[in-house]
Amino acid sequence: MMGKVFLAVTCLAGVTSAFLFSNVEWNGLSVTFGLNPFNSWVLDDLPRTMAAARYEGWTQISHCDASGTFRGNRYIKDNDYAVILLFDVNGYIAGIQCGIAKTDGDFPPVKQRGHIFQEEGNHYFLTAYFTDPAAICSEGRTPEEYSVEGTGTGLYIQNGSDPITQSVLMPYLQDSVQGTNWTMGYCFPVMGKHYWYNITEDMSCDDFQPVFLLYNRGKLNAFGWALGIHQASQRFEHPTQDKFGAFMNPVPRCLRNHASLSTMHIYMTARPSLNFC
C-alpha cells in the first residue's frame, strides 16, 4: 500500500515538471560524498556511454529488454552491485541502479518489496532512470540528443514491476515540491537541500522510503539512496546516528535502532563540489 501511495502523490508534481526540462544541462555523473579529495571513491566520475564503460572495465550483466522488469543495457564493475549503470540501445546513459543482496534479515521492508525494491535473482534493486523509460530499449537517444541533453532529461524512480507505467518523474523545480509528501530536510554543502519522502517523528521504519532528492539553486541536480542495512561497498557512505539530524527533519524515532545508515549520493552535474544549496 505504501508503495502505491508513494507513486500516486508524487506523480502530479513530476508530470507538471516534465515541461520544465528543456533547458536543463545535467553534464556529469558521479557518486559518493566524502571530504577527502584524495580518496578515489569520493565524487567518482562514472562513464556515460557504453563504449566508455567497456573501456573502463565495466561488465555487461543483461541486455536491453523492452518487456523486462528493468530498462537498459546493465553494466557493473568488479562485481560490485552497489552501482549498476543503465545504457539505452544506442549506448548512451539512461539510468542507474543499486543492488542489495538478499539476506536472512528483514530488509528491505516487506511492504516495499515489489514496489520501490524489485527482486531479481539474489538481489533487490533500486532503479532510477534519467530518460523516459519507454524509449530506452526502443529508440534510445541520438548523438545529437545526447550532446544537448547530457546525462538526461528527468529523474524517474521505478516503483513497480513495470518500468514504463510505474516509474515516477520527480519534481525538477524545488518550488514544485510544495504540496507533495516530500518533506524538506537540511542543506548540507556538496550535497544540497535534502528532501525525504513523508518522514515523521513517529513513523515506522517500514515506511521509510530509501530515496532522497537534492536541490541546488532551486533545481534538482542530485539524489541518493538511504538504506537501513549495512552495505560494505566503498560506494556507500555510513553516516552515524548522531549525524541524521544534519540532513533530516524530523529524524524518525525508529532510526534510533540504527547505529548508521548506508547512503549514496548520486550527482548529475560535472562539479558537485559547487553544490551549496
# chains A, B, ... in the order shown; residues from 1 in each chain; ligands from 1
call {"tool": "select_by_dssp", "arguments": {"residues": "stretch 96-208 of chain A", "states": "strand (DSSP E)", "output": "number ranges by chain"}}
result
A: 96-101, 118-120, 123-129, 156-158, 167-169, 182-188, 192-197
call {"tool": "residues_around", "arguments": {"residues": "A:Arg74", "least_positions_apart": "3", "cutoff": "12 Å", "atoms": "only C-alpha atoms", "output": "PyMOL selection string"}}
result
chain A and resi 49-50+53-54+58-65+70-71+77+81+83-89+91-99+127+136-137
call {"tool": "closest_residue", "arguments": {"among": "A:Ser167, A:Met248, A:Tyr267, A:Phe130", "to": "A:Trp182", "atoms": "only C-alpha atoms"}}
result
A:Met248
call {"tool": "closest_residue", "arguments": {"among": "A:Gln241, A:Thr131, A:Gln166, A:Asn90", "to": "A:Thr151", "atoms": "only C-alpha atoms"}}
result
A:Thr131
call {"tool": "closest_residue", "arguments": {"among": "A:Gly160, A:Gly72, A:Pro250, A:Gly224", "to": "A:Val31", "atoms": "only C-alpha atoms"}}
result
A:Gly224
call {"tool": "residues_around", "arguments": {"residues": "A:Phe236", "least_positions_apart": "5", "cutoff": "7 Å", "atoms": "only C-alpha atoms", "output": "MDAnalysis selection string"}}
result
chainID A and resid 32 231 262:264
call {"tool": "closest_residue", "arguments": {"among": "A:Ala66, A:Leu220, A:Ala135, A:Leu261", "to": "A:Val177", "atoms": "only C-alpha atoms"}}
result
A:Leu220
call {"tool": "residues_around", "arguments": {"residues": "A:Phe244", "least_positions_apart": "4", "cutoff": "9 Å", "atoms": "only C-alpha atoms", "output": "JSON list (two decimals) with N, CA, C and O atoms, in the first residue's frame"}}
result
[["chain", "number", "residue", "atom", "x", "y", "z"],
["A", 239, "PRO", "N", 26.75, 7.47, 7.42],
["A", 239, "PRO", "CA", 26.50, 8.45, 8.47],
["A", 239, "PRO", "C", 25.98, 7.79, 9.74],
["A", 239, "PRO", "O", 25.10, 6.92, 9.68],
["A", 240, "THR", "N", 26.54, 8.18, 10.87],
["A", 240, "THR", "CA", 26.13, 7.60, 12.14],
["A", 240, "THR", "C", 24.91, 8.34, 12.70],
["A", 240, "THR", "O", 24.55, 9.43, 12.25],
["A", 248, "MET", "N", 18.13, 15.58, 7.96],
["A", 248, "MET", "CA", 16.78, 15.05, 8.06],
["A", 248, "MET", "C", 16.00, 15.82, 9.11],
["A", 248, "MET", "O", 16.50, 16.07, 10.21],
["A", 249, "ASN", "N", 14.77, 16.23, 8.79],
["A", 249, "ASN", "CA", 13.95, 16.98, 9.73],
["A", 249, "ASN", "C", 12.47, 16.66, 9.51],
["A", 249, "ASN", "O", 11.93, 17.01, 8.46],
["A", 251, "VAL", "N", 13.88, 13.71, 12.51],
["A", 251, "VAL", "CA", 14.52, 12.40, 12.46],
["A", 251, "VAL", "C", 13.54, 11.38, 13.04],
["A", 251, "VAL", "O", 13.15, 11.50, 14.19],
["A", 255, "LEU", "N", 14.67, 5.34, 13.75],
["A", 255, "LEU", "CA", 16.06, 5.27, 13.31],
["A", 255, "LEU", "C", 17.03, 5.19, 14.48],
["A", 255, "LEU", "O", 18.23, 4.98, 14.27],
["A", 260, "SER", "N", 23.92, 3.33, 12.15],
["A", 260, "SER", "CA", 24.27, 4.12, 10.97],
["A", 260, "SER", "C", 23.34, 3.72, 9.84],
["A", 260, "SER", "O", 22.61, 2.72, 9.92],
["A", 261, "LEU", "N", 23.37, 4.51, 8.77],
["A", 261, "LEU", "CA", 22.69, 4.16, 7.53],
["A", 261, "LEU", "C", 23.74, 3.92, 6.45],
["A", 261, "LEU", "O", 24.88, 4.35, 6.58]]
call {"tool": "closest_residue", "arguments": {"among": "A:Arg253, A:Ile229, A:Val190, A:Arg141", "to": "A:Asp202", "atoms": "only C-alpha atoms"}}
result
A:Arg253
call {"tool": "atom_distance", "arguments": {"atom1": "atom CA of A:Trp26", "atom2": "atom CA of A:Pro133"}}
result
17.4 Å
call {"tool": "atom_distance", "arguments": {"atom1": "atom CA of A:Phe117", "atom2": "atom CA of A:Asn159"}}
result
7.4 Å
call {"tool": "select_by_dssp", "arguments": {"residues": "stretch 183-275 of chain A", "states": "helix (DSSP H, G or I)", "output": "list in words"}}
result
Cys205, Asp206, Asp207, Gln241, Asp242, Lys243, Phe244, Gly245, Ala246, Arg253, Cys254, Leu255, Arg256, Asn257, Pro272, Ser273 and Leu274 of chain A
call {"tool": "closest_residue", "arguments": {"among": "A:His258, A:Lys243, A:Arg235, A:Lys193", "to": "A:Leu46", "atoms": "only C-alpha atoms"}}
result
A:Arg235
call {"tool": "residues_around", "arguments": {"residues": "A:Gln174", "least_positions_apart": "5", "cutoff": "12 Å", "atoms": "only C-alpha atoms", "output": "PDB file with N, CA, C and O atoms, in the first residue's frame"}}
result
ATOM      1  N   ALA A  13       3.209  16.300  -9.257  1.00  0.00           N
ATOM      2  CA  ALA A  13       4.302  17.268  -9.349  1.00  0.00           C
ATOM      3  C   ALA A  13       5.304  16.845 -10.400  1.00  0.00           C
ATOM      4  O   ALA A  13       5.867  17.678 -11.107  1.00  0.00           O
ATOM      5  N   GLY A  14       5.536  15.538 -10.538  1.00  0.00           N
ATOM      6  CA  GLY A  14       6.502  15.064 -11.520  1.00  0.00           C
ATOM      7  C   GLY A  14       6.061  15.353 -12.938  1.00  0.00           C
ATOM      8  O   GLY A  14       6.834  15.823 -13.766  1.00  0.00           O
ATOM      9  N   SER A  17       6.353  19.001 -13.825  1.00  0.00           N
ATOM     10  CA  SER A  17       7.718  19.464 -14.055  1.00  0.00           C
ATOM     11  C   SER A  17       8.317  18.921 -15.343  1.00  0.00           C
ATOM     12  O   SER A  17       9.368  19.364 -15.773  1.00  0.00           O
ATOM     13  N   LEU A  20       9.464  21.402 -17.837  1.00  0.00           N
ATOM     14  CA  LEU A  20      10.437  22.392 -17.414  1.00  0.00           C
ATOM     15  C   LEU A  20      11.869  21.956 -17.660  1.00  0.00           C
ATOM     16  O   LEU A  20      12.804  22.597 -17.218  1.00  0.00           O
ATOM     17  N   GLY A 179       3.290  21.023  -1.660  1.00  0.00           N
ATOM     18  CA  GLY A 179       2.016  20.353  -1.872  1.00  0.00           C
ATOM     19  C   GLY A 179       2.129  18.862  -2.093  1.00  0.00           C
ATOM     20  O   GLY A 179       1.109  18.188  -2.293  1.00  0.00           O
ATOM     21  N   THR A 180       3.361  18.325  -2.086  1.00  0.00           N
ATOM     22  CA  THR A 180       3.554  16.879  -2.192  1.00  0.00           C
ATOM     23  C   THR A 180       3.917  16.335  -0.811  1.00  0.00           C
ATOM     24  O   THR A 180       4.002  17.070   0.165  1.00  0.00           O
ATOM     25  N   TRP A 182       6.787  15.107  -0.107  1.00  0.00           N
ATOM     26  CA  TRP A 182       8.219  15.233   0.129  1.00  0.00           C
ATOM     27  C   TRP A 182       8.451  16.238   1.257  1.00  0.00           C
ATOM     28  O   TRP A 182       7.905  17.347   1.235  1.00  0.00           O
ATOM     29  N   THR A 183       9.258  15.850   2.225  1.00  0.00           N
ATOM     30  CA  THR A 183       9.498  16.643   3.433  1.00  0.00           C
ATOM     31  C   THR A 183      10.879  17.278   3.365  1.00  0.00           C
ATOM     32  O   THR A 183      11.878  16.580   3.184  1.00  0.00           O
ATOM     33  N   MET A 184      10.934  18.595   3.524  1.00  0.00           N
ATOM     34  CA  MET A 184      12.208  19.300   3.423  1.00  0.00           C
ATOM     35  C   MET A 184      13.091  18.998   4.629  1.00  0.00           C
ATOM     36  O   MET A 184      12.668  19.108   5.776  1.00  0.00           O
ATOM     37  N   GLY A 192      23.391  19.404  -1.063  1.00  0.00           N
ATOM     38  CA  GLY A 192      22.253  20.192  -1.473  1.00  0.00           C
ATOM     39  C   GLY A 192      21.200  20.195  -0.387  1.00  0.00           C
ATOM     40  O   GLY A 192      21.415  19.712   0.728  1.00  0.00           O
ATOM     41  N   LYS A 193      20.049  20.755  -0.723  1.00  0.00           N
ATOM     42  CA  LYS A 193      18.910  20.749   0.187  1.00  0.00           C
ATOM     43  C   LYS A 193      18.218  19.397   0.068  1.00  0.00           C
ATOM     44  O   LYS A 193      17.768  19.005  -0.997  1.00  0.00           O
ATOM     45  N   HIS A 194      18.153  18.687   1.187  1.00  0.00           N
ATOM     46  CA  HIS A 194      17.587  17.340   1.186  1.00  0.00           C
ATOM     47  C   HIS A 194      16.064  17.377   1.259  1.00  0.00           C
ATOM     48  O   HIS A 194      15.490  18.187   1.987  1.00  0.00           O
ATOM     49  N   TYR A 195      15.440  16.455   0.550  1.00  0.00           N
ATOM     50  CA  TYR A 195      14.011  16.188   0.688  1.00  0.00           C
ATOM     51  C   TYR A 195      13.823  14.689   0.878  1.00  0.00           C
ATOM     52  O   TYR A 195      14.375  13.887   0.123  1.00  0.00           O
ATOM     53  N   LEU A 213      15.891  13.366  -2.419  1.00  0.00           N
ATOM     54  CA  LEU A 213      16.151  14.295  -3.511  1.00  0.00           C
ATOM     55  C   LEU A 213      17.036  15.424  -3.015  1.00  0.00           C
ATOM     56  O   LEU A 213      16.989  15.796  -1.837  1.00  0.00           O
ATOM     57  N   LEU A 214      17.835  16.005  -3.931  1.00  0.00           N
ATOM     58  CA  LEU A 214      18.744  17.087  -3.575  1.00  0.00           C
ATOM     59  C   LEU A 214      18.579  18.244  -4.561  1.00  0.00           C
ATOM     60  O   LEU A 214      18.670  18.052  -5.779  1.00  0.00           O
ATOM     61  N   TYR A 215      18.332  19.435  -4.001  1.00  0.00           N
ATOM     62  CA  TYR A 215      18.123  20.629  -4.814  1.00  0.00           C
ATOM     63  C   TYR A 215      19.218  21.646  -4.543  1.00  0.00           C
ATOM     64  O   TYR A 215      19.612  21.864  -3.393  1.00  0.00           O
ATOM     65  N   ASN A 216      19.685  22.258  -5.617  1.00  0.00           N
ATOM     66  CA  ASN A 216      20.661  23.340  -5.531  1.00  0.00           C
ATOM     67  C   ASN A 216      20.214  24.469  -6.441  1.00  0.00           C
ATOM     68  O   ASN A 216      19.831  24.244  -7.588  1.00  0.00           O
ATOM     69  N   ARG A 217      20.227  25.677  -5.886  1.00  0.00           N
ATOM     70  CA  ARG A 217      19.732  26.866  -6.606  1.00  0.00           C
ATOM     71  C   ARG A 217      18.320  26.631  -7.141  1.00  0.00           C
ATOM     72  O   ARG A 217      17.953  27.086  -8.230  1.00  0.00           O
ATOM     73  N   GLY A 218      17.540  25.913  -6.355  1.00  0.00           N
ATOM     74  CA  GLY A 218      16.140  25.714  -6.697  1.00  0.00           C
ATOM     75  C   GLY A 218      15.856  24.637  -7.712  1.00  0.00           C
ATOM     76  O   GLY A 218      14.704  24.463  -8.130  1.00  0.00           O
ATOM     77  N   LYS A 219      16.904  23.865  -8.118  1.00  0.00           N
ATOM     78  CA  LYS A 219      16.709  22.853  -9.149  1.00  0.00           C
ATOM     79  C   LYS A 219      17.277  21.504  -8.700  1.00  0.00           C
ATOM     80  O   LYS A 219      18.277  21.438  -7.993  1.00  0.00           O
ATOM     81  N   LEU A 220      16.630  20.461  -9.140  1.00  0.00           N
ATOM     82  CA  LEU A 220      17.072  19.102  -8.851  1.00  0.00           C
ATOM     83  C   LEU A 220      18.322  18.786  -9.664  1.00  0.00           C
ATOM     84  O   LEU A 220      18.301  18.854 -10.895  1.00  0.00           O
ATOM     85  N   ASN A 221      19.424  18.454  -8.985  1.00  0.00           N
ATOM     86  CA  ASN A 221      20.625  18.073  -9.732  1.00  0.00           C
ATOM     87  C   ASN A 221      21.354  16.893  -9.097  1.00  0.00           C
ATOM     88  O   ASN A 221      22.452  16.538  -9.516  1.00  0.00           O
ATOM     89  N   CYS A 277      23.439  24.426  -2.134  1.00  0.00           N
ATOM     90  CA  CYS A 277      22.000  24.593  -1.911  1.00  0.00           C
ATOM     91  C   CYS A 277      21.458  25.862  -2.553  1.00  0.00           C
ATOM     92  O   CYS A 277      20.281  26.011  -2.749  1.00  0.00           O
TER      93      CYS A 277
END
call {"tool": "decode", "arguments": {"residues": "stretch 102-124 of chain A", "atoms": "N, CA, C and O atoms", "output": "mmCIF file, in the first residue's frame"}}
result
data_model
loop_
_atom_site.group_PDB
_atom_site.id
_atom_site.type_symbol
_atom_site.label_atom_id
_atom_site.label_comp_id
_atom_site.auth_asym_id
_atom_site.auth_seq_id
_atom_site.Cartn_x
_atom_site.Cartn_y
_atom_site.Cartn_z
ATOM 1 N N LYS A 102 20.237 -10.311 -1.104
ATOM 2 C CA LYS A 102 19.256 -10.881 -0.183
ATOM 3 C C LYS A 102 19.973 -11.422 1.043
ATOM 4 O O LYS A 102 21.059 -11.995 0.961
ATOM 5 N N THR A 103 19.349 -11.208 2.190
ATOM 6 C CA THR A 103 19.912 -11.703 3.442
ATOM 7 C C THR A 103 18.835 -12.467 4.188
ATOM 8 O O THR A 103 17.683 -12.554 3.757
ATOM 9 N N ASP A 104 19.215 -13.004 5.345
ATOM 10 C CA ASP A 104 18.239 -13.688 6.188
ATOM 11 C C ASP A 104 17.465 -12.722 7.072
ATOM 12 O O ASP A 104 16.604 -13.120 7.838
ATOM 13 N N GLY A 105 17.791 -11.426 6.978
ATOM 14 C CA GLY A 105 17.140 -10.439 7.806
ATOM 15 C C GLY A 105 15.818 -9.966 7.225
ATOM 16 O O GLY A 105 15.250 -10.587 6.318
ATOM 17 N N ASP A 106 15.344 -8.830 7.721
ATOM 18 C CA ASP A 106 14.046 -8.335 7.311
ATOM 19 C C ASP A 106 14.168 -7.096 6.440
ATOM 20 O O ASP A 106 13.296 -6.235 6.429
ATOM 21 N N PHE A 107 15.280 -6.970 5.712
ATOM 22 C CA PHE A 107 15.462 -5.851 4.806
ATOM 23 C C PHE A 107 15.506 -6.356 3.372
ATOM 24 O O PHE A 107 16.159 -7.369 3.097
ATOM 25 N N PRO A 108 14.847 -5.656 2.441
ATOM 26 C CA PRO A 108 14.044 -4.455 2.657
ATOM 27 C C PRO A 108 12.712 -4.765 3.311
ATOM 28 O O PRO A 108 12.298 -5.929 3.350
ATOM 29 N N PRO A 109 12.032 -3.748 3.841
ATOM 30 C CA PRO A 109 10.722 -3.980 4.457
ATOM 31 C C PRO A 109 9.789 -4.700 3.493
ATOM 32 O O PRO A 109 9.776 -4.409 2.291
ATOM 33 N N VAL A 110 9.028 -5.628 4.009
ATOM 34 C CA VAL A 110 8.158 -6.457 3.168
ATOM 35 C C VAL A 110 7.217 -5.596 2.339
ATOM 36 O O VAL A 110 6.988 -5.859 1.151
ATOM 37 N N LYS A 111 6.669 -4.542 2.933
ATOM 38 C CA LYS A 111 5.692 -3.728 2.207
ATOM 39 C C LYS A 111 6.316 -2.917 1.073
ATOM 40 O O LYS A 111 5.600 -2.398 0.217
ATOM 41 N N GLN A 112 7.656 -2.818 1.035
ATOM 42 C CA GLN A 112 8.314 -2.099 -0.055
ATOM 43 C C GLN A 112 8.788 -3.031 -1.163
ATOM 44 O O GLN A 112 9.145 -2.570 -2.250
ATOM 45 N N ARG A 113 8.772 -4.316 -0.907
ATOM 46 C CA ARG A 113 9.157 -5.274 -1.934
ATOM 47 C C ARG A 113 8.063 -5.341 -3.002
ATOM 48 O O ARG A 113 6.874 -5.351 -2.691
ATOM 49 N N GLY A 114 8.480 -5.381 -4.241
ATOM 50 C CA GLY A 114 7.517 -5.349 -5.329
ATOM 51 C C GLY A 114 7.109 -3.944 -5.711
ATOM 52 O O GLY A 114 6.367 -3.749 -6.679
ATOM 53 N N HIS A 115 7.583 -2.960 -4.961
ATOM 54 C CA HIS A 115 7.312 -1.555 -5.272
ATOM 55 C C HIS A 115 8.646 -0.888 -5.601
ATOM 56 O O HIS A 115 9.189 -1.090 -6.666
ATOM 57 N N ILE A 116 9.206 -0.123 -4.672
ATOM 58 C CA ILE A 116 10.465 0.553 -4.981
ATOM 59 C C ILE A 116 11.635 -0.429 -5.007
ATOM 60 O O ILE A 116 12.633 -0.200 -5.684
ATOM 61 N N PHE A 117 11.522 -1.537 -4.292
ATOM 62 C CA PHE A 117 12.519 -2.614 -4.364
ATOM 63 C C PHE A 117 11.975 -3.715 -5.277
ATOM 64 O O PHE A 117 10.944 -4.322 -4.982
ATOM 65 N N GLN A 118 12.680 -3.953 -6.378
ATOM 66 C CA GLN A 118 12.294 -5.018 -7.294
ATOM 67 C C GLN A 118 13.271 -6.185 -7.173
ATOM 68 O O GLN A 118 14.489 -5.988 -7.154
ATOM 69 N N GLU A 119 12.729 -7.378 -7.110
ATOM 70 C CA GLU A 119 13.535 -8.586 -6.906
ATOM 71 C C GLU A 119 13.957 -9.191 -8.239
ATOM 72 O O GLU A 119 13.167 -9.309 -9.176
ATOM 73 N N GLU A 120 15.229 -9.552 -8.305
ATOM 74 C CA GLU A 120 15.745 -10.307 -9.450
ATOM 75 C C GLU A 120 16.923 -11.140 -8.968
ATOM 76 O O GLU A 120 17.894 -10.602 -8.434
ATOM 77 N N GLY A 121 16.844 -12.442 -9.161
ATOM 78 C CA GLY A 121 17.931 -13.316 -8.732
ATOM 79 C C GLY A 121 18.198 -13.209 -7.243
ATOM 80 O O GLY A 121 17.278 -13.307 -6.424
ATOM 81 N N ASN A 122 19.446 -12.948 -6.882
ATOM 82 C CA ASN A 122 19.847 -12.889 -5.477
ATOM 83 C C ASN A 122 19.874 -11.466 -4.915
ATOM 84 O O ASN A 122 20.480 -11.217 -3.872
ATOM 85 N N HIS A 123 19.222 -10.519 -5.616
ATOM 86 C CA HIS A 123 19.260 -9.131 -5.187
ATOM 87 C C HIS A 123 17.888 -8.480 -5.256
ATOM 88 O O HIS A 123 16.999 -8.916 -5.995
ATOM 89 N N TYR A 124 17.757 -7.421 -4.465
ATOM 90 C CA TYR A 124 16.675 -6.454 -4.623
ATOM 91 C C TYR A 124 17.302 -5.203 -5.237
ATOM 92 O O TYR A 124 18.399 -4.805 -4.851
#
